[in-house]
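The data block below is start-v5.cif; it holds mmCIF, C-alpha atoms.
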```
data_data
#
loop_
_atom_site.group_PDB
_atom_site.id
_atom_site.type_symbol
_atom_site.label_atom_id
_atom_site.label_comp_id
_atom_site.auth_asym_id
_atom_site.auth_seq_id
_atom_site.Cartn_x
_atom_site.Cartn_y
_atom_site.Cartn_z
ATOM 1 C CA MET A 243 56.944 115.812 159.912
ATOM 2 C CA ALA A 244 53.780 117.035 158.175
ATOM 3 C CA PRO A 245 53.218 120.790 157.810
ATOM 4 C CA ALA A 246 51.208 122.327 160.647
ATOM 5 C CA LEU A 247 49.937 125.170 158.477
ATOM 6 C CA ARG A 248 46.658 124.435 156.713
ATOM 7 C CA PHE A 249 44.398 126.426 154.413
ATOM 8 C CA PRO A 250 40.870 125.411 153.359
ATOM 9 C CA PRO A 251 40.875 123.194 150.235
ATOM 10 C CA GLU A 252 38.627 125.573 148.272
ATOM 11 C CA LEU A 253 41.062 128.449 148.947
ATOM 12 C CA LEU A 254 44.025 126.322 147.856
ATOM 13 C CA LEU A 255 42.216 125.411 144.637
ATOM 14 C CA ARG A 256 41.499 129.088 143.919
ATOM 15 C CA ALA A 257 45.138 130.039 144.636
ATOM 16 C CA GLN A 258 46.390 127.211 142.461
ATOM 17 C CA GLY A 259 45.415 128.842 139.206
ATOM 18 C CA PRO A 260 45.146 127.072 135.858
ATOM 19 C CA ARG A 261 48.542 125.360 135.922
ATOM 20 C CA LEU A 262 48.758 123.925 139.435
ATOM 21 C CA GLY A 263 50.424 126.972 140.887
ATOM 22 C CA MET A 264 50.983 130.624 140.167
ATOM 23 C CA ARG A 265 54.150 131.551 138.291
ATOM 24 C CA ALA A 266 54.528 135.069 139.729
ATOM 25 C CA ALA A 267 53.245 137.182 142.612
ATOM 26 C CA ILE A 268 52.957 140.969 142.715
ATOM 27 C CA PHE A 269 53.539 142.756 146.025
ATOM 28 C CA ASP A 270 52.698 146.326 146.956
ATOM 29 C CA VAL A 271 54.994 147.776 149.633
ATOM 30 C CA ASP A 272 53.231 150.382 151.804
ATOM 31 C CA GLY A 273 50.264 148.715 153.450
ATOM 32 C CA VAL A 274 51.437 145.187 152.543
ATOM 33 C CA LEU A 275 55.155 144.759 153.284
ATOM 34 C CA THR A 276 54.878 147.601 155.815
ATOM 35 C CA ASP A 277 52.028 148.595 158.101
ATOM 36 C CA GLY A 278 51.318 151.540 155.820
ATOM 37 C CA ARG A 279 52.482 154.222 158.213
ATOM 38 C CA LEU A 280 55.090 156.683 156.961
ATOM 39 C CA TYR A 281 57.769 157.884 159.363
ATOM 40 C CA ILE A 282 59.499 160.973 158.021
ATOM 41 C CA GLY A 283 62.537 162.370 159.789
ATOM 42 C CA GLU A 284 63.528 165.978 160.254
ATOM 43 C CA GLN A 285 65.689 165.896 157.103
ATOM 44 C CA GLY A 286 62.876 164.341 155.051
ATOM 45 C CA GLU A 287 64.217 160.797 155.192
ATOM 46 C CA ALA A 288 61.629 158.020 155.275
ATOM 47 C CA PHE A 289 61.749 155.214 157.808
ATOM 48 C CA LYS A 290 59.885 151.973 157.273
ATOM 49 C CA ALA A 291 59.587 148.784 159.300
ATOM 50 C CA PHE A 292 59.577 145.418 157.527
ATOM 51 C CA HIS A 293 58.739 142.047 159.051
ATOM 52 C CA VAL A 294 61.491 139.460 158.711
ATOM 53 C CA GLN A 295 59.013 136.619 158.103
ATOM 54 C CA ASP A 296 57.512 138.492 155.155
ATOM 55 C CA GLY A 297 60.989 138.767 153.663
ATOM 56 C CA HIS A 298 61.657 135.073 154.171
ATOM 57 C CA GLY A 299 58.356 134.279 152.459
ATOM 58 C CA LEU A 300 59.462 136.256 149.390
ATOM 59 C CA LYS A 301 62.732 134.312 149.326
ATOM 60 C CA LEU A 302 60.850 131.008 149.595
ATOM 61 C CA LEU A 303 58.617 131.987 146.672
ATOM 62 C CA ALA A 304 61.671 132.695 144.531
ATOM 63 C CA ARG A 305 63.283 129.407 145.588
ATOM 64 C CA ALA A 306 60.099 127.582 144.562
ATOM 65 C CA GLY A 307 60.072 129.194 141.122
ATOM 66 C CA ILE A 308 57.280 131.694 141.801
ATOM 67 C CA VAL A 309 58.726 135.052 140.747
ATOM 68 C CA PRO A 310 58.184 137.853 143.307
ATOM 69 C CA LEU A 311 57.409 141.178 141.609
ATOM 70 C CA VAL A 312 57.389 144.404 143.615
ATOM 71 C CA ILE A 313 55.406 147.369 142.318
ATOM 72 C CA THR A 314 55.194 150.359 144.632
ATOM 73 C CA GLY A 315 53.846 153.858 144.242
ATOM 74 C CA ARG A 316 56.522 155.331 146.483
ATOM 75 C CA ASP A 317 60.272 155.318 146.145
ATOM 76 C CA SER A 318 62.706 155.558 149.018
ATOM 77 C CA PRO A 319 66.188 154.383 149.901
ATOM 78 C CA ALA A 320 64.663 152.226 152.666
ATOM 79 C CA VAL A 321 62.446 150.304 150.233
ATOM 80 C CA ARG A 322 65.220 149.920 147.673
ATOM 81 C CA ARG A 323 67.561 148.634 150.387
ATOM 82 C CA ARG A 324 65.043 146.044 151.646
ATOM 83 C CA ILE A 325 64.243 144.761 148.154
ATOM 84 C CA ALA A 326 67.966 144.562 147.300
ATOM 85 C CA ASP A 327 68.710 142.748 150.574
ATOM 86 C CA LEU A 328 66.077 140.171 149.622
ATOM 87 C CA GLY A 329 67.710 139.711 146.213
ATOM 88 C CA LEU A 330 64.589 140.595 144.231
ATOM 89 C CA PRO A 331 65.595 141.908 140.803
ATOM 90 C CA ARG A 332 62.106 142.653 139.447
ATOM 91 C CA ALA A 333 60.906 145.759 141.260
ATOM 92 C CA ARG A 334 59.381 149.018 140.056
ATOM 93 C CA TYR A 335 59.552 152.070 142.343
ATOM 94 C CA GLY A 336 57.641 155.359 142.332
ATOM 95 C CA VAL A 337 55.045 153.962 139.933
ATOM 96 C CA ASP A 338 52.006 156.104 139.086
ATOM 97 C CA ASP A 339 50.399 153.498 136.835
ATOM 98 C CA LYS A 340 50.749 150.106 138.486
ATOM 99 C CA LEU A 341 48.902 148.353 135.675
ATOM 100 C CA ALA A 342 51.409 149.591 133.066
ATOM 101 C CA ALA A 343 54.298 148.418 135.271
ATOM 102 C CA ALA A 344 52.647 145.028 135.771
ATOM 103 C CA GLU A 345 51.983 144.656 132.045
ATOM 104 C CA SER A 346 55.651 145.311 131.328
ATOM 105 C CA LEU A 347 56.787 142.695 133.868
ATOM 106 C CA ARG A 348 54.172 140.227 132.629
ATOM 107 C CA ALA A 349 55.386 140.631 129.044
ATOM 108 C CA GLU A 350 59.014 140.255 130.146
ATOM 109 C CA LEU A 351 58.143 136.941 131.823
ATOM 110 C CA ALA A 352 55.618 135.820 129.161
ATOM 111 C CA LEU A 353 52.846 135.338 131.735
ATOM 112 C CA ASP A 354 49.065 135.349 131.450
ATOM 113 C CA TRP A 355 47.178 137.196 134.182
ATOM 114 C CA ALA A 356 45.735 133.823 135.266
ATOM 115 C CA GLU A 357 49.278 132.805 136.305
ATOM 116 C CA VAL A 358 49.843 135.896 138.431
ATOM 117 C CA ALA A 359 48.773 136.439 142.034
ATOM 118 C CA ALA A 360 48.724 139.894 143.630
ATOM 119 C CA ILE A 361 48.440 141.426 147.076
ATOM 120 C CA GLY A 362 47.558 145.078 147.630
ATOM 121 C CA ASP A 363 45.765 147.384 150.021
ATOM 122 C CA ASP A 364 44.382 150.470 148.279
ATOM 123 C CA TRP A 365 42.819 151.845 145.108
ATOM 124 C CA PRO A 366 46.050 152.004 143.051
ATOM 125 C CA ASP A 367 46.227 148.187 143.414
ATOM 126 C CA LEU A 368 42.678 147.555 142.155
ATOM 127 C CA PRO A 369 43.584 147.147 138.441
ATOM 128 C CA LEU A 370 46.136 144.459 139.372
ATOM 129 C CA LEU A 371 43.841 142.638 141.781
ATOM 130 C CA ALA A 372 40.982 142.679 139.272
ATOM 131 C CA ARG A 373 43.146 140.972 136.630
ATOM 132 C CA ALA A 374 45.177 138.615 138.826
ATOM 133 C CA GLY A 375 44.408 134.916 138.863
ATOM 134 C CA PHE A 376 44.439 135.162 142.646
ATOM 135 C CA ALA A 377 43.942 138.412 144.587
ATOM 136 C CA CYS A 378 44.789 138.937 148.236
ATOM 137 C CA ALA A 379 44.571 141.807 150.723
ATOM 138 C CA PRO A 380 45.625 142.437 154.317
ATOM 139 C CA PRO A 381 42.798 143.024 156.815
ATOM 140 C CA GLU A 382 43.504 146.783 156.997
ATOM 141 C CA ALA A 383 43.079 147.200 153.234
ATOM 142 C CA HIS A 384 40.478 149.610 151.896
ATOM 143 C CA ALA A 385 36.957 148.152 151.721
ATOM 144 C CA GLU A 386 36.962 148.126 147.893
ATOM 145 C CA VAL A 387 40.180 146.098 147.878
ATOM 146 C CA ARG A 388 38.900 143.616 150.462
ATOM 147 C CA ALA A 389 35.710 143.197 148.431
ATOM 148 C CA LEU A 390 37.728 142.247 145.348
ATOM 149 C CA ALA A 391 40.151 139.909 147.136
ATOM 150 C CA HIS A 392 39.820 136.136 146.978
ATOM 151 C CA HIS A 393 41.509 136.017 150.389
ATOM 152 C CA VAL A 394 41.932 138.553 153.185
ATOM 153 C CA THR A 395 44.839 137.564 155.404
ATOM 154 C CA VAL A 396 44.525 136.975 159.102
ATOM 155 C CA ALA A 397 47.954 138.552 159.669
ATOM 156 C CA ALA A 398 48.257 142.325 159.527
ATOM 157 C CA ALA A 399 50.115 144.349 156.920
ATOM 158 C CA GLY A 400 53.780 144.611 157.828
ATOM 159 C CA ALA A 401 53.289 141.866 160.401
ATOM 160 C CA GLY A 402 53.023 138.654 158.423
ATOM 161 C CA ALA A 403 50.345 139.339 155.769
ATOM 162 C CA ALA A 404 52.852 138.924 152.938
ATOM 163 C CA ARG A 405 54.185 135.713 154.504
ATOM 164 C CA GLU A 406 50.656 134.314 154.788
ATOM 165 C CA PHE A 407 50.137 135.125 151.088
ATOM 166 C CA CYS A 408 53.445 133.424 150.215
ATOM 167 C CA ASP A 409 52.658 130.335 152.310
ATOM 168 C CA LEU A 410 49.247 130.064 150.671
ATOM 169 C CA LEU A 411 50.769 130.232 147.173
ATOM 170 C CA LEU A 412 53.449 127.689 148.138
ATOM 171 C CA GLN A 413 50.881 125.255 149.515
ATOM 172 C CA ALA A 414 48.610 125.726 146.496
ATOM 173 C CA SER A 415 51.548 124.944 144.180
ATOM 174 C CA GLY A 416 52.472 121.810 146.143
ATOM 175 C CA ARG A 417 55.935 123.163 147.011
ATOM 176 C CA TYR A 418 55.467 124.093 150.668
ATOM 177 C CA ALA A 419 56.058 120.656 152.202
ATOM 178 C CA ALA A 420 59.307 120.091 150.275
ATOM 179 C CA LEU A 421 60.673 123.500 151.294
ATOM 180 C CA LEU A 422 59.764 122.792 154.914
ATOM 181 C CA ALA A 423 61.355 119.345 154.817
ATOM 182 C CA ALA A 424 64.540 120.775 153.327
ATOM 183 C CA GLN A 425 64.711 123.341 156.127
ATOM 184 C CA GLN A 426 64.103 120.716 158.793
ATOM 185 C CA GLY A 427 66.904 118.642 157.300
ATOM 186 C CA THR A 428 69.348 121.496 157.799
ATOM 187 C CA LEU A 429 68.393 121.753 161.458
ATOM 188 C CA ASP A 430 69.478 118.237 162.404
ATOM 189 C CA GLY A 431 72.234 117.702 159.836
ATOM 190 C CA ARG A 432 70.406 115.053 157.782
#
```
Give the structure from the file, written as structure tokens.
Amino acid sequence: MAPALRFPPELLLRAQGPRLGMRAAIFDVDGVLTDGRLYIGEQGEAFKAFHVQDGHGLKLLARAGIVPLVITGRDSPAVRRRIADLGLPRARYGVDDKLAAAESLRAELALDWAEVAAIGDDWPDLPLLARAGFACAPPEAHAEVRALAHHVTVAAAGAGAAREFCDLLLQASGRYAALLAAQQGTLDGR
């Protein structure tokens, strides 16, 4: 069965990068993996809602060899729990300087910016998006972020935007169809 999901060829070429696929993808949390709203309880605890399909997209990226990197300006037990549940070891929390955090991760992985994709929603993400080989934003992102993005997702932040970004990177790398076929094989026992 052929994949039903399709992106325009020119977008796939842009997302492909110089080596037929990005090697890493940076994700902001608030406003990308969540809808950006902060729920704070009476005792000061933060509550966040995450979309399960976004999480599965991050797992698929990792399975395909595209390293998910999480860099977030806020730190909370809820975010740490979600990232740990997804099995993502490369995350930086409570970051004031996202570019410095990204540079450290890039050096650790020996990556050029051209091999890194990024998705963000607000001004702290601009230095990453400006350098990334492929930049993406959810539709609710700040106007300056949307203007810099190569792609603005159809899906909303916290409601599939990260999954759309992941699917786009997987298709651009040529790995999407094989992952889909492997999943379909597990459904019917073949």
Once the PyMOL selection byres ((chain A and resi 263-280) around 6) is applied to the coordinates I shared, what remains selected? I want it as a tab-separated table (two decimals) with C-alpha atoms, keeping the file's coordinate frame.
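Contents of part.tsv, freshly written:
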```
chain	number	residue	atom	x	y	z
A	258	GLN	CA	46.39	127.21	142.46
A	259	GLY	CA	45.42	128.84	139.21
A	261	ARG	CA	48.54	125.36	135.92
A	262	LEU	CA	48.76	123.92	139.44
A	281	TYR	CA	57.77	157.88	159.36
A	291	ALA	CA	59.59	148.78	159.30
A	292	PHE	CA	59.58	145.42	157.53
A	308	ILE	CA	57.28	131.69	141.80
A	309	VAL	CA	58.73	135.05	140.75
A	310	PRO	CA	58.18	137.85	143.31
A	311	LEU	CA	57.41	141.18	141.61
A	312	VAL	CA	57.39	144.40	143.62
A	313	ILE	CA	55.41	147.37	142.32
A	314	THR	CA	55.19	150.36	144.63
A	357	GLU	CA	49.28	132.80	136.30
A	358	VAL	CA	49.84	135.90	138.43
A	359	ALA	CA	48.77	136.44	142.03
A	360	ALA	CA	48.72	139.89	143.63
A	361	ILE	CA	48.44	141.43	147.08
A	362	GLY	CA	47.56	145.08	147.63
A	363	ASP	CA	45.76	147.38	150.02
A	399	ALA	CA	50.12	144.35	156.92
A	400	GLY	CA	53.78	144.61	157.83
A	415	SER	CA	51.55	124.94	144.18
```
> How would you write as a list in words the residues that get within 10 Å of (42.5, 145.1, 142.9) in the file's frame, counting all atoms listed in the file?
Replying inline: Ala360, Ile361, Gly362, Asp363, Asp364, Trp365, Pro366, Asp367, Leu368, Pro369, Leu370, Leu371, Ala372, Arg373, Ala374, Ala377, Cys378, Ala379, Glu386, Val387, Arg388, Ala389, Leu390 and Ala391 of chain A
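Across A:Leu347, A:Ala342, A:Ala424, A:Leu410, the tightest approach to Leu253 in chain A is made by A:Leu410 when counting all atoms listed in the file.
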> Could you tell me, as a VMD selection string, which residues have any atom at most 10 Å from (57.3, 155.9, 140.9), counting all atoms listed in the file?
Replying inline: chain A and resid 313 to 318 334 to 340 343
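Relative to CA of Ala244 in chain A, CA of Phe407 in chain A is found at 19.8 Å.
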> Counting only C-alpha atoms, what is within 9 Å of Ala306 in chain A, bar same-chain residues fewer than 4 positions away, as a count of residues only?
Replying inline: 7
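Among A:Pro250, A:Pro331, A:Pro245, A:Pro260, the residue with the shortest atom-to-atom distance to Asp354 in chain A, counting all atoms listed in the file, is A:Pro260.
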> Can you list, as a PyMOL selection string, the residues that the PyMOL selection byres ((chain A and resi 296) around 8) selects here?
Replying inline: chain A and resi 275+292-295+297-300+400-405
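Straight-line separation from CA of Phe289 in chain A to CA of Leu328 in chain A: 17.7 Å.
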Can you spell out as an mmCIF file with C-alpha atoms, in the frame of the given file the set of residues that the PyMOL selection byres ((chain A and resi 381) around 8) selects in the structure I just provided?
```cif
data_model
loop_
_atom_site.group_PDB
_atom_site.id
_atom_site.type_symbol
_atom_site.label_atom_id
_atom_site.label_comp_id
_atom_site.auth_asym_id
_atom_site.auth_seq_id
_atom_site.Cartn_x
_atom_site.Cartn_y
_atom_site.Cartn_z
ATOM 1 C CA ALA A 379 44.571 141.807 150.723
ATOM 2 C CA PRO A 380 45.625 142.437 154.317
ATOM 3 C CA GLU A 382 43.504 146.783 156.997
ATOM 4 C CA ALA A 383 43.079 147.200 153.234
ATOM 5 C CA ARG A 388 38.900 143.616 150.462
ATOM 6 C CA VAL A 394 41.932 138.553 153.185
ATOM 7 C CA THR A 395 44.839 137.564 155.404
ATOM 8 C CA VAL A 396 44.525 136.975 159.102
ATOM 9 C CA ALA A 397 47.954 138.552 159.669
ATOM 10 C CA ALA A 398 48.257 142.325 159.527
ATOM 11 C CA ALA A 399 50.115 144.349 156.920
#
```
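CA of Cys408 in chain A is found 21.2 Å from CA of Gly427 in chain A.
Shortest separation to Lys290 in chain A among A:Ala246, A:Ala423, A:Ala320, A:Ala326 occurs at residue A:Ala320, atoms counted being only C-alpha atoms.
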Padding of 5 Å on every side, edges along x, y and z, all listed atoms of range 272-283 of chain A included: what centre and edge lengths in Å, to one decimal, does that box have, as AutoDock Vina command-line options?
```
--center_x 56.4 --center_y 153.6 --center_z 155.8 --size_x 22.3 --size_y 27.6 --size_z 18.0
```
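The smallest atom-to-atom distance between Gly329 in chain A and any of A:Arg248, A:His392, A:Arg305, A:Arg256, using only C-alpha atoms, is found for A:Arg305.
Among the candidate residues A:Leu411, A:Ala385, A:Ala356, A:Ala333, the one lying nearest to Ala257 in chain A is A:Leu411, with distances computed using all atoms listed in the file.
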